[in-house]
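One file, start-v1.txt, is given below (compact mmCIF, C-alpha atoms and all ligand atoms).
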# COMPACT_ATOMS: atom_id res chain seq x y z
CA MET W 1 87.69 102.48 90.17
CA SER W 2 84.54 102.01 92.28
CA GLU W 3 84.52 103.20 95.91
CA PRO W 4 87.17 101.26 97.88
CA ASN W 5 85.56 98.65 100.12
CA LEU W 6 87.68 97.42 103.02
CA GLN W 7 85.37 94.53 103.93
CA LYS W 8 85.57 93.25 100.35
CA ALA W 9 89.34 93.71 100.28
CA LEU W 10 89.64 91.63 103.46
CA THR W 11 87.82 88.76 101.76
CA GLN W 12 90.38 89.00 98.95
CA SER W 13 93.39 89.08 101.28
CA ASP W 14 95.42 86.79 103.49
CA LEU W 15 96.28 87.49 107.11
CA ILE W 16 100.07 87.67 107.11
CA HIS W 17 101.02 88.75 110.64
CA PRO W 18 98.58 88.88 113.57
CA ARG W 19 98.86 91.50 116.28
CA SER W 20 100.67 89.18 118.71
CA VAL W 21 103.47 88.56 116.20
CA LEU W 22 103.80 92.27 115.44
CA LEU W 23 103.89 93.27 119.11
CA ALA W 24 106.61 90.68 119.79
CA ALA W 25 108.60 91.91 116.78
CA ILE W 26 108.33 95.51 117.99
CA GLU W 27 109.63 94.51 121.45
CA ARG W 28 112.61 92.82 119.81
CA VAL W 29 113.31 95.82 117.58
CA ALA W 30 113.13 98.11 120.63
CA GLN W 31 115.79 96.02 122.37
CA GLU W 32 118.01 96.13 119.29
CA ILE W 33 117.65 99.91 119.09
CA ASP W 34 118.41 100.29 122.81
CA ALA W 35 121.60 98.26 122.36
CA PHE W 36 122.57 100.32 119.32
CA TYR W 37 122.20 103.68 121.11
CA ALA W 38 123.56 102.48 124.46
CA ASP W 39 126.69 104.65 124.11
CA ALA W 40 125.10 107.56 122.26
CA GLU W 41 126.34 110.92 123.52
CA GLN W 42 123.08 112.73 122.82
CA PRO W 43 119.44 111.65 122.47
CA PRO W 44 118.72 110.51 118.91
CA VAL W 45 115.98 112.19 116.91
CA PHE W 46 113.14 109.65 116.62
CA LEU W 47 111.74 110.70 113.26
CA THR W 48 108.34 109.23 112.47
CA VAL W 49 107.33 109.03 108.81
CA LEU W 50 103.66 109.98 108.53
CA ASN W 51 101.16 108.61 107.88
CA GLY W 52 101.81 104.89 107.86
CA GLY W 53 104.59 104.92 110.45
CA VAL W 54 102.36 106.19 113.25
CA MET W 55 101.22 102.90 114.80
CA PHE W 56 104.68 101.34 114.71
CA SER W 57 106.24 104.54 115.97
CA GLY W 58 103.88 104.86 118.93
CA LEU W 59 104.29 101.27 120.08
CA LEU W 60 108.04 101.23 119.47
CA SER W 61 108.63 104.46 121.35
CA LEU W 62 106.76 103.14 124.41
CA SER W 63 109.00 100.06 124.46
CA LEU W 64 112.29 101.95 124.11
CA GLN W 65 114.56 102.69 127.06
CA THR W 66 116.60 105.08 124.91
CA ARG W 67 115.90 108.74 125.62
CA CYS W 68 114.90 110.32 122.33
CA VAL W 69 113.62 113.60 121.02
CA PHE W 70 110.63 113.26 118.74
CA ASP W 71 109.76 114.77 115.39
CA SER W 72 107.94 113.71 112.25
CA ILE W 73 107.92 114.18 108.52
CA HIS W 74 105.46 113.29 105.80
CA ALA W 75 106.68 111.75 102.58
CA THR W 76 104.37 109.86 100.27
CA ARG W 77 104.88 107.95 97.06
CA TYR W 78 101.67 105.94 96.89
CA ARG W 79 99.21 108.86 97.33
CA SER W 80 96.36 106.81 98.77
CA GLY W 81 96.69 104.17 96.05
CA THR W 82 98.47 100.85 95.64
CA SER W 83 101.20 101.82 93.18
CA GLY W 84 104.15 104.15 93.68
CA HIS W 85 105.09 107.43 91.97
CA GLU W 86 107.78 110.01 92.76
CA VAL W 87 108.23 111.02 96.40
CA THR W 88 106.05 113.96 97.42
CA TRP W 89 106.91 115.91 100.58
CA GLY W 90 104.29 117.02 103.06
CA LYS W 91 105.88 118.28 106.23
CA TRP W 92 109.58 118.24 107.12
CA ALA W 93 111.15 118.05 110.58
CA LYS W 94 110.95 121.07 112.88
CA LEU W 95 114.10 120.13 114.78
CA ASP W 96 117.49 121.08 113.40
CA LEU W 97 119.06 117.74 112.38
CA LYS W 98 122.57 119.16 112.08
CA GLY W 99 125.03 117.00 113.98
CA ARG W 100 122.28 114.73 115.31
CA ASP W 101 121.79 110.98 115.28
CA VAL W 102 118.54 110.38 113.42
CA LEU W 103 116.40 107.24 113.61
CA ILE W 104 113.87 107.18 110.77
CA VAL W 105 110.80 105.15 111.77
CA ASP W 106 108.49 103.95 109.00
CA ASP W 107 105.98 101.20 108.38
CA ILE W 108 107.40 99.52 105.28
CA LEU W 109 110.45 99.15 103.13
CA ASP W 110 109.19 98.27 99.68
CA GLU W 111 111.31 99.56 96.79
CA GLY W 112 113.10 101.83 99.22
CA ARG W 113 112.69 105.00 97.20
CA THR W 114 110.90 106.84 99.97
CA LEU W 115 113.41 105.88 102.64
CA SER W 116 116.33 106.68 100.31
CA ALA W 117 114.92 110.14 99.69
CA ILE W 118 114.43 110.69 103.43
CA VAL W 119 117.97 109.52 104.25
CA GLN W 120 119.35 111.88 101.61
CA ARG W 121 117.38 114.83 103.00
CA CYS W 122 118.55 114.05 106.54
CA GLN W 123 122.14 113.93 105.32
CA GLU W 124 121.70 117.20 103.43
CA ALA W 125 120.35 118.67 106.69
CA GLY W 126 123.67 117.72 108.31
CA ALA W 127 122.66 114.67 110.37
CA ARG W 128 125.68 112.98 111.95
CA ARG W 129 124.35 109.44 111.65
CA VAL W 130 121.13 108.22 110.00
CA ASN W 131 119.57 104.85 110.75
CA ILE W 132 116.27 103.27 109.79
CA ALA W 133 113.69 101.16 111.61
CA ALA W 134 110.85 99.66 109.56
CA LEU W 135 107.97 97.57 110.85
CA CYS W 136 108.12 95.39 107.75
CA ALA W 137 110.22 94.77 104.67
CA LYS W 138 108.95 93.31 101.42
CA ARG W 139 110.67 90.26 100.01
CA HIS W 140 111.78 91.02 96.43
CA GLY W 141 114.86 92.08 94.51
CA ARG W 142 113.67 95.54 93.47
CA CYS W 143 114.98 97.57 96.40
CA VAL W 144 117.17 100.62 95.74
CA PRO W 145 120.77 99.34 95.72
CA GLY W 146 122.80 100.27 98.77
CA LEU W 147 119.87 101.15 101.03
CA HIS W 148 120.35 99.53 104.41
CA VAL W 149 117.52 99.21 106.90
CA ASP W 150 119.06 98.68 110.32
CA PHE W 151 116.04 97.40 112.25
CA VAL W 152 113.24 95.34 110.67
CA GLY W 153 110.23 93.91 112.48
CA VAL W 154 108.86 91.32 110.03
CA GLU W 155 109.08 90.34 106.40
CA VAL W 156 106.03 90.52 104.14
CA PRO W 157 105.39 88.91 100.75
CA ASP W 158 105.70 90.74 97.46
CA ARG W 159 102.02 91.74 97.37
CA TYR W 160 100.20 94.90 98.44
CA VAL W 161 99.97 94.83 102.22
CA TYR W 162 97.86 96.91 104.60
CA GLY W 163 96.87 97.21 108.23
CA PHE W 164 98.88 98.27 111.30
CA GLY W 165 99.41 101.76 109.86
CA MET W 166 99.41 100.88 106.17
CA ASP W 167 96.39 101.78 104.09
CA TYR W 168 94.18 100.21 101.51
CA TYR W 169 93.08 103.39 99.68
CA GLU W 170 93.33 105.22 103.05
CA LEU W 171 91.19 102.55 104.75
CA GLY W 172 92.37 99.88 107.16
CA ARG W 173 95.28 101.68 108.82
CA ASN W 174 93.92 100.76 112.26
CA LEU W 175 93.51 97.07 111.53
CA PRO W 176 95.56 95.40 114.30
CA ALA W 177 97.31 92.99 111.89
CA ILE W 178 98.99 92.97 108.47
CA TYR W 179 97.03 91.62 105.48
CA ALA W 180 98.15 91.06 101.88
CA LEU W 181 95.89 91.34 98.85
CA LYS W 182 95.85 88.11 96.89
CA ASP W 183 97.69 88.20 93.58
CA GLY W 184 95.56 89.57 90.76
CA VAL W 185 93.13 91.55 92.97
O1 LIG J 1 109.78 101.67 99.65
P1 LIG J 1 108.81 102.49 98.82
O2 LIG J 1 108.37 101.73 97.58
O3 LIG J 1 109.28 103.85 98.52
O4 LIG J 1 107.47 102.61 99.67
C1 LIG J 1 107.49 102.76 101.06
C2 LIG J 1 106.76 103.99 101.47
O5 LIG J 1 105.42 103.92 101.05
C3 LIG J 1 104.56 104.14 102.15
O6 LIG J 1 104.17 105.45 102.23
P2 LIG J 1 102.95 105.99 101.36
O7 LIG J 1 103.47 106.64 100.11
O8 LIG J 1 101.93 104.91 101.19
O9 LIG J 1 102.41 107.15 102.27
P3 LIG J 1 101.51 107.03 103.61
O10 LIG J 1 102.42 106.47 104.67
O11 LIG J 1 101.09 108.43 103.90
O12 LIG J 1 100.37 106.11 103.28
C4 LIG J 1 105.39 103.77 103.35
O13 LIG J 1 104.98 104.48 104.50
C5 LIG J 1 106.79 104.11 102.96
O14 LIG J 1 107.10 105.43 103.36
O1 LIG J 2 102.50 97.15 100.07
C1 LIG J 2 102.38 98.31 100.55
N1 LIG J 2 101.35 98.64 101.38
C2 LIG J 2 101.20 99.87 101.91
N2 LIG J 2 102.02 100.87 101.66
C3 LIG J 2 103.06 100.61 100.86
N3 LIG J 2 104.05 101.42 100.47
C4 LIG J 2 104.84 100.72 99.70
N4 LIG J 2 104.41 99.45 99.55
C5 LIG J 2 103.28 99.37 100.29
Take the structure in this file and express it as structure tokens.
Ligand SMILES: O=P(O)(O)OC[C@H]1O[C@H](OP(=O)(O)OP(=O)(O)O)[C@H](O)[C@@H]1O
Ligand code: HPA
Amino acid sequence: MSEPNLQKALTQSDLIHPRSVLLAAIERVAQEIDAFYADAEQPPVFLTVLNGGVMFSGLLSLSLQTRCVFDSIHATRYRSGTSGHEVTWGKWAKLDLKGRDVLIVDDILDEGRTLSAIVQRCQEAGARRVNIAALCAKRHGRCVPGLHVDFVGVEVPDRYVYGFGMDYYELGRNLPAIYALKDGV
């Protein structure tokens, strides 16, 4: 493949969700999460999934009333490209998750393999309760059966999406909106 070109990709993409829509969705998700943890006995572990979850995580955390403790992990399946492979682990949480409520915060639910693997590792680490917040969820029928995402910001079409944390060959993560490559690009 030739050198990835973000400007060219943008001409071959559609704007799916502008910043204003995403910020409103994040506010709503924050309220849902606050209601969910209203009776929690201990601060949940707010577990950001690097790299793509960073923008969502930062904005969401600033809108939450819930007192949390913060940690992060890195799991990747797309390895800077646009198609998935097996899950590869970068860093794991520093906090001990045993007996804790864990809120996994990621940018996208696509086929759900990454989030399934993270949930399983949290459970193996002894987490008491594991929940998931995703900025967006892709509309298709290929998601891992049984995976439940508790809090979803917006839906996106079944095309490669980028922006607002998600990359186009590592470019475009700081675009303040979500774009989708047109079919066939
Ligand atoms: O539902 P799935 O099909 O498993 O895909 C979703 C995962 O893919 C993305 O990560 P990616 O591998 O692109 O890593 P990155 O966040 O470091 O870019 C995203 O952040 C999710 O973790
Ligand atoms: O469409 C996508 N865009 C960015 N990252 C992703 N990870 C899974 N699917 C996607």
Review point. If you measure from CA of Gly99 in chain W to CA of Ala127 in chain W, what distance in Å do you get, rounded to one decimal?
Key: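 Here the two named atoms are 4.9 Å from each other.
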Exercise for review: Have a look at W:Ala38, W:Leu181, W:Val152, W:Ala75 and name the one nearest to Lys8 in chain W; count all atoms listed in the file.
Suggested key: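 Using all atoms listed in the file, Lys8 in chain W sits closest to W:Leu181.
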Practice item. Residues within 7 Å of ligand LIG 2 (chain J), counting only C-alpha atoms and all ligand atoms: report them as a ChimeraX atom specification. Key: /W:78,82,84,108-110,159-162,166-167
Practice item. Using all atoms listed in the file, find each residue with an atom at most 10 Å away from ligand LIG 1 (chain J) and format the answer as number ranges by chain. Key: W: 48-54, 74-90, 105-118, 134-138, 142-144, 162, 165-171, 173
Review point. Residues at most 8 Å from Gly126 in chain W, counting only C-alpha atoms, excluding those fewer than 3 positions away in the same chain, as a count of residues only?
Key: 6
Exercise for review: Choose the residue, out of W:Ile33, W:Val154, W:Ala133, W:Val185, that has the smallest atom-to-atom separation from Ser57 in chain W; count all atoms listed in the file.
Suggested key: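 Residue with the minimum atom-to-atom distance to Ser57 in chain W: W:Ala133.
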Point to revise | Atomic separation - CA of Ser20 in chain W relative to CA of Asp34 in chain W, Å | key: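 About the pair CA of Asp34 in chain W and CA of Ser20 in chain W: they are 21.3 Å apart.
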Check your understanding: Please, what distance in Å, to one decimal, runs between CA of Leu59 in chain W and CA of Glu27 in chain W?
Key ->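 If I compute the distance from CA of Leu59 in chain W to CA of Glu27 in chain W, I get 8.7 Å.
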**Study point:** From W:Asp158, W:Asn131, W:Gly153, W:His148, residue lying nearest Val29 in chain W [only C-alpha atoms]
**Key:**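 Closest residue, counting only C-alpha atoms: W:Gly153.
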Review point. How would you write as a list in words the residues that get within 12 Å of (127.3, 109.1, 121.1) in the file's frame, counting only C-alpha atoms?
Key: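 It turns out the residues near that spot are Phe36, Tyr37, Ala38, Asp39, Ala40, Glu41, Gln42, Pro43, Pro44, Gly99, Arg100, Asp101, Val102, Arg128 and Arg129 of chain W.
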Review point. Pick the closest to His140 in chain W from W:Val69, W:Val156, W:Leu62, W:Ile16: which is it, counting all atoms listed in the file?
Key: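 Distance minimum relative to His140 in chain W lands on W:Val156.
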Point to revise | Residue list as JSON, numbers by chain for point (96.8, 91.0, 101.6), cut-off 6 Å, only C-alpha atoms | key: {"W": [13, 14, 161, 179, 180, 181, 182]}
Output the selection as a PDB file, in the frame of the given file - C-alpha atoms for each residue.
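Written output follows (selection.pdb):
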ATOM      1  CA  SER W  13      93.390  89.080 101.280  1.00  0.00           C
ATOM      2  CA  ASP W  14      95.420  86.790 103.490  1.00  0.00           C
ATOM      3  CA  VAL W 161      99.970  94.830 102.220  1.00  0.00           C
ATOM      4  CA  TYR W 179      97.030  91.620 105.480  1.00  0.00           C
ATOM      5  CA  ALA W 180      98.150  91.060 101.880  1.00  0.00           C
ATOM      6  CA  LEU W 181      95.890  91.340  98.850  1.00  0.00           C
ATOM      7  CA  LYS W 182      95.850  88.110  96.890  1.00  0.00           C
TER       8      LYS W 182
END
Practice item. Can you work out which one of W:Val149, W:Ala24, W:Leu10, W:Leu95 has the shortest atom-to-atom distance to Ile132 in chain W, counting only C-alpha atoms? Key: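 Using only C-alpha atoms, the shortest distance to Ile132 in chain W belongs to W:Val149.
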**Study point:** W:Ala125, W:Ile26, W:Leu47, W:Leu147 ranked by distance to Asp96 in chain W, top pick (using all atoms listed in the file)
**Key:**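 Nearest candidate to Asp96 in chain W out of W:Ala125, W:Ile26, W:Leu47, W:Leu147: W:Ala125.
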Got a minute to add all heavy atoms to range 41-52 of chain W and dump it as a CSV table (one decimal), in the frame of the given file?
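For reference, out_29.csv as written:
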chain,number,residue,atom,x,y,z
W,41,GLU,N,126.0,109.8,122.7
W,41,GLU,CA,126.3,110.9,123.5
W,41,GLU,C,125.2,111.9,123.7
W,41,GLU,O,125.2,112.7,124.6
W,41,GLU,CB,127.5,111.7,122.9
W,41,GLU,CG,128.8,110.9,123.1
W,41,GLU,CD,129.9,111.3,122.2
W,41,GLU,OE1,129.8,112.4,121.6
W,41,GLU,OE2,130.9,110.6,122.1
W,42,GLN,N,124.2,111.8,122.8
W,42,GLN,CA,123.1,112.7,122.8
W,42,GLN,C,121.8,112.0,122.4
W,42,GLN,O,121.9,110.9,121.7
W,42,GLN,CB,123.3,113.9,121.9
W,42,GLN,CG,123.7,113.4,120.5
W,42,GLN,CD,123.7,114.6,119.4
W,42,GLN,OE1,123.1,115.6,119.7
W,42,GLN,NE2,124.3,114.3,118.3
W,43,PRO,N,120.7,112.4,122.8
W,43,PRO,CA,119.4,111.6,122.5
W,43,PRO,C,119.2,111.7,121.0
W,43,PRO,O,119.3,112.7,120.3
W,43,PRO,CB,118.3,112.4,123.1
W,43,PRO,CG,119.0,113.3,124.1
W,43,PRO,CD,120.4,113.6,123.7
W,44,PRO,N,119.0,110.5,120.3
W,44,PRO,CA,118.7,110.5,118.9
W,44,PRO,C,117.4,111.2,118.6
W,44,PRO,O,116.5,111.2,119.5
W,44,PRO,CB,118.7,109.0,118.6
W,44,PRO,CG,118.5,108.3,119.8
W,44,PRO,CD,119.0,109.2,120.9
W,45,VAL,N,117.3,111.6,117.4
W,45,VAL,CA,116.0,112.2,116.9
W,45,VAL,C,115.2,111.0,116.4
W,45,VAL,O,115.6,110.4,115.4
W,45,VAL,CB,116.2,113.2,115.8
W,45,VAL,CG1,114.8,113.8,115.3
W,45,VAL,CG2,117.0,114.4,116.3
W,46,PHE,N,114.1,110.7,117.0
W,46,PHE,CA,113.1,109.6,116.6
W,46,PHE,C,112.2,110.3,115.6
W,46,PHE,O,111.3,111.0,116.0
W,46,PHE,CB,112.4,109.2,117.9
W,46,PHE,CG,111.6,108.0,117.7
W,46,PHE,CD1,112.0,106.7,118.2
W,46,PHE,CD2,110.3,108.1,117.2
W,46,PHE,CE1,111.2,105.6,118.1
W,46,PHE,CE2,109.5,107.0,117.1
W,46,PHE,CZ,109.9,105.7,117.5
W,47,LEU,N,112.4,110.0,114.3
W,47,LEU,CA,111.7,110.7,113.3
W,47,LEU,C,110.7,109.8,112.6
W,47,LEU,O,111.0,109.0,111.8
W,47,LEU,CB,112.8,111.1,112.2
W,47,LEU,CG,112.4,112.2,111.2
W,47,LEU,CD1,112.1,113.5,111.8
W,47,LEU,CD2,113.5,112.4,110.2
W,48,THR,N,109.4,110.0,113.0
W,48,THR,CA,108.3,109.2,112.5
W,48,THR,C,108.0,109.7,111.1
W,48,THR,O,107.8,110.9,110.8
W,48,THR,CB,107.1,109.4,113.4
W,48,THR,OG1,107.4,109.0,114.7
W,48,THR,CG2,105.9,108.5,112.9
W,49,VAL,N,107.8,108.7,110.2
W,49,VAL,CA,107.3,109.0,108.8
W,49,VAL,C,105.8,108.9,108.8
W,49,VAL,O,105.3,107.7,108.9
W,49,VAL,CB,108.0,108.1,107.8
W,49,VAL,CG1,107.6,108.6,106.4
W,49,VAL,CG2,109.5,108.2,107.9
W,50,LEU,N,105.1,110.0,108.6
W,50,LEU,CA,103.7,110.0,108.5
W,50,LEU,C,103.3,109.5,107.1
W,50,LEU,O,104.0,109.7,106.2
W,50,LEU,CB,103.1,111.4,108.8
W,50,LEU,CG,103.6,112.0,110.1
W,50,LEU,CD1,103.1,113.5,110.1
W,50,LEU,CD2,103.0,111.3,111.3
W,51,ASN,N,102.1,108.9,106.9
W,51,ASN,CA,101.2,108.6,107.9
W,51,ASN,C,101.4,107.2,108.4
W,51,ASN,O,101.0,106.9,109.6
W,51,ASN,CB,99.7,108.7,107.3
W,51,ASN,CG,99.4,110.1,106.9
W,51,ASN,OD1,99.5,111.0,107.8
W,51,ASN,ND2,98.9,110.3,105.7
W,52,GLY,N,101.8,106.3,107.5
W,52,GLY,CA,101.8,104.9,107.9
W,52,GLY,C,102.7,104.5,109.0
W,52,GLY,O,102.4,103.5,109.7
